[in-house]
>>> print(open('start17.pdb').read())   # PDB, C-alpha atoms
ATOM      1  CA  MET O   1      -0.489  19.966 -20.762
ATOM      2  CA  LYS O   2      -0.248  17.874 -23.921
ATOM      3  CA  TYR O   3       1.190  14.396 -23.361
ATOM      4  CA  PRO O   4       3.190  12.553 -26.034
ATOM      5  CA  MET O   5       1.052   9.802 -27.517
ATOM      6  CA  LYS O   6       1.816   6.122 -27.865
ATOM      7  CA  CYS O   7      -0.414   3.598 -29.605
ATOM      8  CA  SER O   8      -0.650  -0.170 -30.066
ATOM      9  CA  ASN O   9      -2.578  -1.707 -32.928
ATOM     10  CA  ILE O  10      -1.749  -5.109 -31.449
ATOM     11  CA  LEU O  11      -3.725  -4.368 -28.291
ATOM     12  CA  GLU O  12      -6.663  -3.002 -30.261
ATOM     13  CA  ASN O  13      -6.788  -6.192 -32.327
ATOM     14  CA  LEU O  14      -6.468  -8.232 -29.138
ATOM     15  CA  PHE O  15      -9.438  -6.505 -27.483
ATOM     16  CA  LEU O  16     -11.611  -7.015 -30.554
ATOM     17  CA  SER O  17     -10.469 -10.632 -30.985
ATOM     18  CA  LEU O  18     -10.898 -11.848 -27.406
ATOM     19  CA  PRO O  19     -14.712 -12.230 -27.640
ATOM     20  CA  LEU O  20     -14.244 -14.357 -30.765
ATOM     21  CA  VAL O  21     -11.976 -16.830 -28.944
ATOM     22  CA  SER O  22     -13.735 -17.014 -25.565
ATOM     23  CA  GLY O  23     -13.481 -20.799 -25.806
ATOM     24  CA  HIS O  24      -9.737 -20.400 -25.247
ATOM     25  CA  HIS O  25      -9.725 -18.039 -22.254
ATOM     26  CA  ALA O  26      -8.747 -20.695 -19.705
ATOM     27  CA  PRO O  27      -5.324 -19.829 -18.239
ATOM     28  CA  ASP O  28      -3.962 -23.253 -19.201
ATOM     29  CA  SER O  29      -4.777 -22.895 -22.920
ATOM     30  CA  GLN O  30      -2.082 -22.384 -25.551
ATOM     31  CA  LEU O  31      -3.826 -19.358 -27.044
ATOM     32  CA  TYR O  32      -4.068 -17.745 -23.601
ATOM     33  CA  ASN O  33      -0.330 -18.210 -23.114
ATOM     34  CA  LEU O  34       0.388 -16.652 -26.504
ATOM     35  CA  PHE O  35      -1.874 -13.665 -25.843
ATOM     36  CA  GLU O  36      -0.297 -13.247 -22.403
ATOM     37  CA  GLN O  37       3.224 -13.017 -23.828
ATOM     38  CA  VAL O  38       2.235 -10.621 -26.600
ATOM     39  CA  SER O  39       0.122  -8.327 -24.413
ATOM     40  CA  ARG O  40       2.716  -8.106 -21.639
ATOM     41  CA  LYS O  41       5.343  -6.846 -24.056
ATOM     42  CA  GLU O  42       2.934  -4.236 -25.432
ATOM     43  CA  ILE O  43       1.854  -3.044 -21.978
ATOM     44  CA  GLU O  44       5.451  -2.631 -20.821
ATOM     45  CA  GLY O  45       6.115  -0.450 -23.853
ATOM     46  CA  LEU O  46       3.067   1.723 -23.195
ATOM     47  CA  PHE O  47       2.737   2.182 -19.433
ATOM     48  CA  SER O  48       6.225   1.928 -17.868
ATOM     49  CA  GLU O  49       6.698   5.681 -17.473
ATOM     50  CA  ILE O  50       6.334   7.283 -14.053
ATOM     51  CA  GLU O  51       5.411  10.641 -15.572
ATOM     52  CA  PRO O  52       1.875  10.917 -17.034
ATOM     53  CA  GLN O  53       1.792  10.153 -20.739
ATOM     54  CA  GLY O  54      -1.207   9.749 -22.987
ATOM     55  CA  VAL O  55      -1.674   6.418 -24.765
ATOM     56  CA  ILE O  56      -4.153   5.717 -27.541
ATOM     57  CA  PHE O  57      -5.709   2.672 -25.892
ATOM     58  CA  LYS O  58      -8.122   1.590 -28.612
ATOM     59  CA  PRO O  59     -11.027   1.012 -28.609
ATOM     60  CA  PHE O  60     -11.351   2.890 -25.295
ATOM     61  CA  GLY O  61      -9.676   6.092 -26.460
ATOM     62  CA  GLU O  62      -6.874   7.997 -24.765
ATOM     63  CA  LEU O  63      -5.644   6.594 -21.444
ATOM     64  CA  VAL O  64      -3.180   8.194 -19.004
ATOM     65  CA  PHE O  65      -2.027   5.704 -16.381
ATOM     66  CA  PRO O  66       1.394   6.431 -14.820
ATOM     67  CA  PHE O  67       3.535   3.626 -13.394
ATOM     68  CA  PHE O  68       2.948   3.057  -9.675
ATOM     69  CA  SER O  69       4.541   0.519  -7.353
ATOM     70  CA  MET O  70       2.421  -1.419  -4.853
ATOM     71  CA  GLY O  71       5.258  -3.493  -3.429
ATOM     72  CA  ALA O  72       5.848  -6.814  -5.197
ATOM     73  CA  VAL O  73       3.135  -5.817  -7.695
ATOM     74  CA  ASN O  74       2.928  -2.661  -9.772
ATOM     75  CA  SER O  75       0.493  -0.901 -12.071
ATOM     76  CA  LEU O  76       1.617  -2.946 -15.089
ATOM     77  CA  ASN O  77       0.037  -6.008 -13.430
ATOM     78  CA  LEU O  78      -3.323  -4.263 -13.648
ATOM     79  CA  PHE O  79      -3.066  -4.911 -17.401
ATOM     80  CA  ASP O  80      -2.429  -8.665 -17.090
ATOM     81  CA  LEU O  81      -4.312 -10.796 -19.588
ATOM     82  CA  ASP O  82      -7.134 -11.740 -17.204
ATOM     83  CA  GLU O  83      -7.793  -8.015 -16.776
ATOM     84  CA  LEU O  84      -7.659  -7.414 -20.529
ATOM     85  CA  ILE O  85     -10.258 -10.173 -20.964
ATOM     86  CA  ILE O  86     -12.553  -8.355 -18.530
ATOM     87  CA  PHE O  87     -11.934  -5.027 -20.313
ATOM     88  CA  SER O  88     -12.894  -6.728 -23.563
ATOM     89  CA  PHE O  89     -16.087  -7.987 -21.896
ATOM     90  CA  TYR O  90     -16.955  -4.436 -20.831
ATOM     91  CA  TRP O  91     -16.543  -3.202 -24.390
ATOM     92  CA  LYS O  92     -18.400  -6.124 -25.955
ATOM     93  CA  ASN O  93     -21.379  -5.552 -23.637
ATOM     94  CA  ARG O  94     -21.399  -1.753 -23.590
ATOM     95  CA  THR O  95     -25.007  -1.685 -24.872
ATOM     96  CA  ARG O  96     -26.185  -4.503 -22.586
ATOM     97  CA  TYR O  97     -25.398  -2.854 -19.251
ATOM     98  CA  GLN O  98     -25.940   0.693 -18.036
ATOM     99  CA  LYS O  99     -25.261   1.005 -14.300
ATOM    100  CA  VAL O 100     -22.089  -0.726 -13.082
ATOM    101  CA  VAL O 101     -20.107  -0.928  -9.839
ATOM    102  CA  ASP O 102     -16.379  -1.509  -9.354
ATOM    103  CA  ILE O 103     -15.748  -3.095  -5.924
ATOM    104  CA  GLY O 104     -12.063  -3.196  -5.071
ATOM    105  CA  ALA O 105     -11.251  -0.414  -7.509
ATOM    106  CA  ASN O 106      -7.532  -0.232  -6.657
ATOM    107  CA  LEU O 107      -6.031   2.585  -8.801
ATOM    108  CA  GLY O 108      -9.209   3.120 -10.823
ATOM    109  CA  LEU O 109      -8.337   1.434 -14.125
ATOM    110  CA  HIS O 110     -11.522  -0.654 -14.386
ATOM    111  CA  SER O 111     -13.658   2.356 -13.486
ATOM    112  CA  ILE O 112     -11.989   4.530 -16.122
ATOM    113  CA  LEU O 113     -12.522   1.940 -18.861
ATOM    114  CA  MET O 114     -16.077   1.234 -17.708
ATOM    115  CA  ARG O 115     -16.819   4.936 -18.041
ATOM    116  CA  ARG O 116     -15.232   4.986 -21.498
ATOM    117  CA  CYS O 117     -17.746   2.295 -22.453
ATOM    118  CA  GLY O 118     -20.527   4.734 -21.570
ATOM    119  CA  TYR O 119     -21.559   3.086 -18.299
ATOM    120  CA  GLU O 120     -22.787   4.948 -15.241
ATOM    121  CA  VAL O 121     -20.065   3.977 -12.750
ATOM    122  CA  SER O 122     -19.678   3.814  -8.972
ATOM    123  CA  CYS O 123     -16.538   2.467  -7.306
ATOM    124  CA  TYR O 124     -15.310   1.442  -3.851
ATOM    125  CA  GLU O 125     -11.688   1.308  -2.681
ATOM    126  CA  PRO O 126     -10.870   1.013   1.052
ATOM    127  CA  ASP O 127      -7.121   1.736   1.006
ATOM    128  CA  PRO O 128      -6.664   5.530   1.322
ATOM    129  CA  VAL O 129      -3.307   5.414  -0.507
ATOM    130  CA  HIS O 130      -4.852   3.601  -3.467
ATOM    131  CA  PHE O 131      -7.908   5.833  -3.296
ATOM    132  CA  GLU O 132      -5.806   8.989  -3.541
ATOM    133  CA  LYS O 133      -4.039   7.571  -6.588
ATOM    134  CA  LEU O 134      -7.417   6.574  -8.056
ATOM    135  CA  LYS O 135      -8.606  10.169  -7.764
ATOM    136  CA  GLU O 136      -5.416  11.391  -9.448
ATOM    137  CA  ASN O 137      -5.922   8.927 -12.303
ATOM    138  CA  PHE O 138      -9.524  10.064 -12.721
ATOM    139  CA  SER O 139      -8.304  13.654 -12.982
ATOM    140  CA  LEU O 140      -5.591  12.761 -15.512
ATOM    141  CA  ASN O 141      -8.251  11.053 -17.637
ATOM    142  CA  HIS O 142     -10.835  13.841 -17.254
ATOM    143  CA  ILE O 143     -13.225  11.528 -15.405
ATOM    144  CA  ALA O 144     -15.436  13.700 -13.218
ATOM    145  CA  ASP O 145     -18.684  11.733 -13.015
ATOM    146  CA  VAL O 146     -17.678   8.412 -11.430
ATOM    147  CA  ARG O 147     -19.062   8.202  -7.898
ATOM    148  CA  SER O 148     -16.061   7.055  -5.844
ATOM    149  CA  TYR O 149     -16.051   5.975  -2.209
ATOM    150  CA  ASN O 150     -13.070   5.405   0.094
ATOM    151  CA  MET O 151     -14.913   2.489   1.708
ATOM    152  CA  ALA O 152     -14.940  -1.281   1.859
ATOM    153  CA  VAL O 153     -18.004  -3.374   1.067
ATOM    154  CA  SER O 154     -19.497  -6.037   3.309
ATOM    155  CA  LYS O 155     -22.851  -7.641   4.079
ATOM    156  CA  GLN O 156     -23.933  -4.671   6.188
ATOM    157  CA  ASN O 157     -23.044  -1.055   6.906
ATOM    158  CA  GLY O 158     -20.619  -0.330   9.708
ATOM    159  CA  GLU O 159     -16.892  -0.410  10.321
ATOM    160  CA  MET O 160     -14.209  -3.112  10.258
ATOM    161  CA  GLU O 161     -10.465  -3.392  10.612
ATOM    162  CA  PHE O 162      -8.544  -3.198   7.342
ATOM    163  CA  VAL O 163      -5.208  -4.989   6.945
ATOM    164  CA  ARG O 164      -2.742  -3.319   4.589
ATOM    165  CA  VAL O 165      -0.090  -5.764   3.325
ATOM    166  CA  LEU O 166       2.897  -3.483   2.824
ATOM    167  CA  GLY O 167       4.814  -5.938   0.632
ATOM    168  CA  ASN O 168       1.914  -6.154  -1.818
ATOM    169  CA  THR O 169      -0.866  -3.674  -1.206
ATOM    170  CA  THR O 170      -3.070  -5.349  -3.844
ATOM    171  CA  GLY O 171      -3.401  -8.157  -1.268
ATOM    172  CA  SER O 172      -4.713  -5.865   1.475
ATOM    173  CA  HIS O 173      -8.038  -7.004   2.907
ATOM    174  CA  LEU O 174     -10.661  -6.813   5.615
ATOM    175  CA  ALA O 175      -9.551  -8.530   8.807
ATOM    176  CA  GLY O 176     -10.436 -12.218   8.796
ATOM    177  CA  ALA O 177     -10.661 -12.524   5.014
ATOM    178  CA  LYS O 178      -7.244 -14.216   4.868
ATOM    179  CA  SER O 179      -6.091 -16.693   7.491
ATOM    180  CA  ASN O 180      -2.348 -16.025   7.288
ATOM    181  CA  PRO O 181      -1.548 -12.545   5.952
ATOM    182  CA  TYR O 182       2.144 -12.321   5.174
ATOM    183  CA  GLY O 183       4.900  -9.796   5.751
ATOM    184  CA  LYS O 184       4.710  -6.415   7.456
ATOM    185  CA  LEU O 185       1.142  -5.259   8.071
ATOM    186  CA  GLU O 186      -0.673  -2.067   8.998
ATOM    187  CA  ARG O 187      -4.143  -2.142  10.543
ATOM    188  CA  PHE O 188      -6.724   0.624  10.687
ATOM    189  CA  PRO O 189     -10.527   0.987  10.646
ATOM    190  CA  VAL O 190     -12.499   1.466   7.425
ATOM    191  CA  SER O 191     -16.146   2.288   6.811
ATOM    192  CA  LEU O 192     -18.376  -0.317   5.189
ATOM    193  CA  GLU O 193     -21.120  -0.058   2.579
ATOM    194  CA  SER O 194     -23.774  -2.778   2.438
ATOM    195  CA  PHE O 195     -23.568  -5.021  -0.635
ATOM    196  CA  GLY O 196     -27.332  -5.404  -0.439
ATOM    197  CA  LYS O 197     -27.704  -1.681  -1.059
ATOM    198  CA  ILE O 198     -25.168  -1.697  -3.896
ATOM    199  CA  ILE O 199     -26.709  -4.575  -5.838
ATOM    200  CA  GLN O 200     -30.131  -2.937  -6.024
ATOM    201  CA  GLY O 201     -30.584  -1.312  -9.421
ATOM    202  CA  THR O 202     -27.104  -2.324 -10.606
ATOM    203  CA  ASP O 203     -26.661  -4.149 -13.923
ATOM    204  CA  LEU O 204     -23.055  -5.355 -13.580
ATOM    205  CA  ILE O 205     -20.639  -5.647 -10.663
ATOM    206  CA  LYS O 206     -16.898  -6.256 -10.845
ATOM    207  CA  LEU O 207     -15.999  -7.703  -7.451
ATOM    208  CA  ASP O 208     -12.407  -8.120  -6.193
ATOM    209  CA  MET O 209     -12.533  -8.371  -2.390
ATOM    210  CA  GLU O 210      -9.406 -10.351  -1.488
ATOM    211  CA  GLY O 211     -11.216 -13.135   0.343
ATOM    212  CA  HIS O 212     -14.264 -11.259   1.644
ATOM    213  CA  GLU O 213     -16.325 -12.252  -1.437
ATOM    214  CA  LYS O 214     -17.791 -15.250   0.400
ATOM    215  CA  GLU O 215     -19.244 -13.038   3.134
ATOM    216  CA  VAL O 216     -21.151 -10.795   0.750
ATOM    217  CA  LEU O 217     -22.222 -13.359  -1.860
ATOM    218  CA  LEU O 218     -23.576 -15.830   0.682
ATOM    219  CA  HIS O 219     -25.735 -13.009   2.043
ATOM    220  CA  THR O 220     -27.597 -12.633  -1.281
ATOM    221  CA  SER O 221     -30.910 -14.149  -2.348
ATOM    222  CA  SER O 222     -32.132 -15.386  -5.715
ATOM    223  CA  GLY O 223     -34.085 -12.166  -6.221
ATOM    224  CA  ASP O 224     -30.927 -10.079  -5.915
ATOM    225  CA  TRP O 225     -29.722 -11.556  -9.215
ATOM    226  CA  GLU O 226     -32.845 -11.059 -11.328
ATOM    227  CA  SER O 227     -31.261  -8.207 -13.276
ATOM    228  CA  THR O 228     -27.677  -8.107 -11.986
ATOM    229  CA  ASP O 229     -24.556  -9.931 -13.209
ATOM    230  CA  ALA O 230     -21.148 -10.046 -11.523
ATOM    231  CA  LEU O 231     -17.538 -10.740 -12.433
ATOM    232  CA  VAL O 232     -15.938 -12.173  -9.286
ATOM    233  CA  GLU O 233     -12.412 -13.053  -8.199
ATOM    234  CA  ILE O 234     -12.315 -16.034  -5.814
ATOM    235  CA  GLU O 235      -9.632 -16.127  -3.106
ATOM    236  CA  ASN O 236      -9.380 -19.816  -2.177
ATOM    237  CA  ALA O 237     -10.896 -23.293  -2.407
ATOM    238  CA  ASP O 238     -13.028 -22.904   0.729
ATOM    239  CA  ASN O 239     -14.655 -19.774  -0.672
ATOM    240  CA  ALA O 240     -15.154 -21.492  -4.028
ATOM    241  CA  THR O 241     -16.989 -24.392  -2.404
ATOM    242  CA  ALA O 242     -19.234 -22.195  -0.264
ATOM    243  CA  ILE O 243     -20.101 -19.900  -3.176
ATOM    244  CA  TYR O 244     -20.824 -22.825  -5.491
ATOM    245  CA  GLU O 245     -23.174 -24.453  -2.959
ATOM    246  CA  HIS O 246     -24.979 -21.174  -2.253
ATOM    247  CA  PHE O 247     -25.690 -20.313  -5.870
ATOM    248  CA  ASN O 248     -26.534 -23.913  -6.731
ATOM    249  CA  ASP O 249     -29.212 -23.775  -4.025
ATOM    250  CA  LEU O 250     -30.478 -20.415  -5.334
ATOM    251  CA  GLY O 251     -30.661 -21.548  -8.971
ATOM    252  CA  VAL O 252     -28.253 -18.799 -10.042
ATOM    253  CA  ASN O 253     -25.877 -19.759 -12.860
ATOM    254  CA  LEU O 254     -22.095 -19.643 -12.643
ATOM    255  CA  PHE O 255     -19.688 -19.539 -15.595
ATOM    256  CA  SER O 256     -15.984 -20.124 -15.091
ATOM    257  CA  GLN O 257     -13.053 -18.754 -17.070
ATOM    258  CA  LYS O 258     -11.200 -21.820 -15.807
ATOM    259  CA  ARG O 259     -13.531 -23.855 -18.053
ATOM    260  CA  ASN O 260     -13.524 -21.384 -20.957
ATOM    261  CA  TRP O 261     -16.685 -19.730 -19.637
ATOM    262  CA  GLN O 262     -18.682 -22.933 -19.646
ATOM    263  CA  ARG O 263     -21.364 -23.324 -17.023
ATOM    264  CA  VAL O 264     -20.170 -24.616 -13.641
ATOM    265  CA  HIS O 265     -21.641 -28.082 -12.990
ATOM    266  CA  ASN O 266     -19.617 -29.071  -9.925
ATOM    267  CA  VAL O 267     -17.223 -27.487  -7.474
ATOM    268  CA  SER O 268     -14.170 -28.650  -9.428
ATOM    269  CA  ASP O 269     -15.206 -26.243 -12.214
ATOM    270  CA  MET O 270     -14.824 -23.274  -9.859
ATOM    271  CA  PRO O 271     -11.753 -21.034  -9.887
ATOM    272  CA  THR O 272      -9.950 -21.243  -6.552
ATOM    273  CA  SER O 273      -7.644 -18.221  -6.962
ATOM    274  CA  TYR O 274      -6.964 -15.346  -9.341
ATOM    275  CA  ARG O 275      -4.571 -17.663 -11.204
ATOM    276  CA  GLU O 276      -7.571 -19.644 -12.477
ATOM    277  CA  GLY O 277      -9.438 -16.632 -13.781
ATOM    278  CA  THR O 278     -12.788 -15.009 -13.098
ATOM    279  CA  LEU O 279     -16.229 -16.321 -12.134
ATOM    280  CA  PHE O 280     -19.340 -14.902 -13.843
ATOM    281  CA  VAL O 281     -22.548 -14.874 -11.749
ATOM    282  CA  THR O 282     -25.859 -14.473 -13.562
ATOM    283  CA  LYS O 283     -29.371 -15.726 -14.153
ATOM    284  CA  LYS O 284     -28.650 -15.718 -17.885
ATOM    285  CA  SER O 285     -28.438 -19.076 -19.598
ATOM    286  CA  GLU O 286     -24.993 -18.345 -21.051
ATOM    287  CA  MET O 287     -22.022 -16.026 -20.740
ATOM    288  CA  PRO O 288     -22.753 -13.036 -23.042
ATOM    289  CA  TRP O 289     -19.687 -13.079 -25.239
TER     290      TRP O 289
END
>>> encode(input="start17.pdb", output="structure tokens")
Amino acid sequence: MKYPMKCSNILENLFLSLPLVSGHHAPDSQLYNLFEQVSRKEIEGLFSEIEPQGVIFKPFGELVFPFFSMGAVNSLNLFDLDELIIFSFYWKNRTRYQKVVDIGANLGLHSILMRRCGYEVSCYEPDPVHFEKLKENFSLNHIADVRSYNMAVSKQNGEMEFVRVLGNTTGSHLAGAKSNPYGKLERFPVSLESFGKIIQGTDLIKLDMEGHEKEVLLHTSSGDWESTDALVEIENADNATAIYEHFNDLGVNLFSQKRNWQRVHNVSDMPTSYREGTLFVTKKSEMPW
């Protein structure tokens, strides 16, 4: 089936411009606010259709990503500016990294764009509803070689209870990761993959674990980060403090979008929620923009 094509030169220019203005990526900057307004309007025009439609999503090529509701959040939010910044990072560094992992893959958008950058991709998504939609999106985009696992990730193999937040399934999480989950909940067991196994031989990890990031990151050693970088979403201030102290002790560098990707020198530089952007974990001396 041939889908009608849409295209946005504005988004293409945005992706190629974002690395040039990385000193303005903090969510409280004026340029960030401008880019956010412009990109949101473009995304709504491109990806609001429920039926599959092809979009020329330069520089990544054709993208088919039908609208899907996840409660209070929907698939358009997966194209928010913080996500576009990460997509731009993938493209900018497509010759730097080779083997990448998408933890908390949701509907598969990061994995699709990672693959379009030429990376060897593995992904993990514990929610079976999201995972089924992820597989559909892979098929729509002719992605057959991403290794995808309907599993959660933790510090060791095994099984844990998963909490699905029905009012916003992007906030679903492993039991205990959030102290006061809100609204109507469903609980069921999920299989776990060890983060220690995943990090071995991996060049770049995108990690969105809805509060469980502290458990896995605090279980790592300095040697785990010799050749691996990570883009991490932090859930709360307690996690931010614990992660900062751990990596400060290890001598692993942290760079914060909250501070326009400057190196983290104290805990106040750390993002404390998704609203403050992403944390970059590395042994590199600077963020590779």
>>> resolve_selection(input="start17.pdb", expression="the PyMOL selection byres ((chain O and resi 194-197) around 9)", output="NGL selection string")
:O and (152-158 or 192-193 or 198-201 or 216-217 or 219-220 or 224)
>>> atom_distance(input="start17.pdb", atom1="CA of His130 (chain O)", atom2="CA of Met209 (chain O)")
14.3 Å
>>> resolve_selection(input="start17.pdb", expression="the PyMOL selection byres ((chain O and resi 6) around 12)", output="PyMOL selection string")
chain O and resi 3-5+7-9+11+42-49+52-58+61-64
>>> closest_residue(input="start17.pdb", among="O:Lys178, O:Trp289, O:Asp269, O:Phe65", to="Ser17 (chain O)", atoms="all atoms listed in the file")
O:Trp289
>>> resolve_selection(input="start17.pdb", expression="the PyMOL selection byres ((chain O and resi 81) around 9)", output="ChimeraX atom specification")
/O:32,35-37,39-40,77-80,82-86
>>> atom_distance(input="start17.pdb", atom1="CA of Pro181 (chain O)", atom2="CA of Glu161 (chain O)")
13.6 Å
>>> build_atoms(input="start17.pdb", residues="region 191-211 of chain O", atoms="N, CA, C and O atoms", output="CSV table (one decimal), keeping the file's coordinate frame")
chain,number,residue,atom,x,y,z
O,191,SER,N,-14.7,2.3,6.9
O,191,SER,CA,-16.1,2.3,6.8
O,191,SER,C,-16.6,1.3,5.8
O,191,SER,O,-15.9,1.0,4.8
O,192,LEU,N,-17.8,0.7,6.0
O,192,LEU,CA,-18.4,-0.3,5.2
O,192,LEU,C,-19.7,0.1,4.5
O,192,LEU,O,-20.5,0.8,5.2
O,193,GLU,N,-19.9,-0.2,3.3
O,193,GLU,CA,-21.1,-0.1,2.6
O,193,GLU,C,-21.8,-1.4,2.4
O,193,GLU,O,-21.1,-2.4,2.1
O,194,SER,N,-23.1,-1.5,2.6
O,194,SER,CA,-23.8,-2.8,2.4
O,194,SER,C,-23.9,-3.2,1.0
O,194,SER,O,-24.3,-2.5,0.1
O,195,PHE,N,-23.5,-4.5,0.7
O,195,PHE,CA,-23.6,-5.0,-0.6
O,195,PHE,C,-25.0,-5.1,-1.1
O,195,PHE,O,-25.3,-4.9,-2.3
O,196,GLY,N,-25.9,-5.3,-0.1
O,196,GLY,CA,-27.3,-5.4,-0.4
O,196,GLY,C,-27.9,-4.1,-1.0
O,196,GLY,O,-28.7,-4.1,-1.9
O,197,LYS,N,-27.3,-3.0,-0.5
O,197,LYS,CA,-27.7,-1.7,-1.1
O,197,LYS,C,-27.1,-1.5,-2.4
O,197,LYS,O,-27.8,-1.0,-3.4
O,198,ILE,N,-25.9,-1.9,-2.6
O,198,ILE,CA,-25.2,-1.7,-3.9
O,198,ILE,C,-25.8,-2.5,-5.0
O,198,ILE,O,-26.0,-2.0,-6.1
O,199,ILE,N,-26.2,-3.7,-4.8
O,199,ILE,CA,-26.7,-4.6,-5.8
O,199,ILE,C,-28.1,-4.1,-6.4
O,199,ILE,O,-28.4,-4.4,-7.5
O,200,GLN,N,-28.8,-3.4,-5.6
O,200,GLN,CA,-30.1,-2.9,-6.0
O,200,GLN,C,-30.0,-1.9,-7.2
O,200,GLN,O,-29.3,-0.9,-7.0
O,201,GLY,N,-30.6,-2.2,-8.3
O,201,GLY,CA,-30.6,-1.3,-9.4
O,201,GLY,C,-29.3,-1.3,-10.2
O,201,GLY,O,-29.1,-0.5,-11.1
O,202,THR,N,-28.4,-2.2,-9.9
O,202,THR,CA,-27.1,-2.3,-10.6
O,202,THR,C,-27.2,-3.4,-11.7
O,202,THR,O,-27.7,-4.5,-11.4
O,203,ASP,N,-26.6,-3.2,-12.8
O,203,ASP,CA,-26.7,-4.1,-13.9
O,203,ASP,C,-25.5,-5.1,-13.9
O,203,ASP,O,-25.6,-6.3,-14.2
O,204,LEU,N,-24.3,-4.6,-13.5
O,204,LEU,CA,-23.1,-5.4,-13.6
O,204,LEU,C,-22.1,-4.9,-12.4
O,204,LEU,O,-22.0,-3.7,-12.2
O,205,ILE,N,-21.6,-5.9,-11.8
O,205,ILE,CA,-20.6,-5.6,-10.7
O,205,ILE,C,-19.3,-6.4,-11.0
O,205,ILE,O,-19.3,-7.5,-11.3
O,206,LYS,N,-18.2,-5.6,-10.9
O,206,LYS,CA,-16.9,-6.3,-10.8
O,206,LYS,C,-16.5,-6.3,-9.4
O,206,LYS,O,-16.5,-5.3,-8.7
O,207,LEU,N,-16.2,-7.5,-8.9
O,207,LEU,CA,-16.0,-7.7,-7.5
O,207,LEU,C,-14.7,-8.4,-7.2
O,207,LEU,O,-14.4,-9.5,-7.5
O,208,ASP,N,-13.7,-7.6,-6.6
O,208,ASP,CA,-12.4,-8.1,-6.2
O,208,ASP,C,-12.2,-7.7,-4.7
O,208,ASP,O,-11.8,-6.6,-4.4
O,209,MET,N,-12.5,-8.7,-3.8
O,209,MET,CA,-12.5,-8.4,-2.4
O,209,MET,C,-11.5,-9.1,-1.6
O,209,MET,O,-11.6,-9.1,-0.3
O,210,GLU,N,-10.5,-9.7,-2.2
O,210,GLU,CA,-9.4,-10.4,-1.5
O,210,GLU,C,-9.9,-11.2,-0.3
O,210,GLU,O,-9.4,-11.1,0.8
O,211,GLY,N,-10.8,-12.1,-0.6
O,211,GLY,CA,-11.2,-13.1,0.3
O,211,GLY,C,-12.5,-12.8,1.0
O,211,GLY,O,-13.2,-13.8,1.6
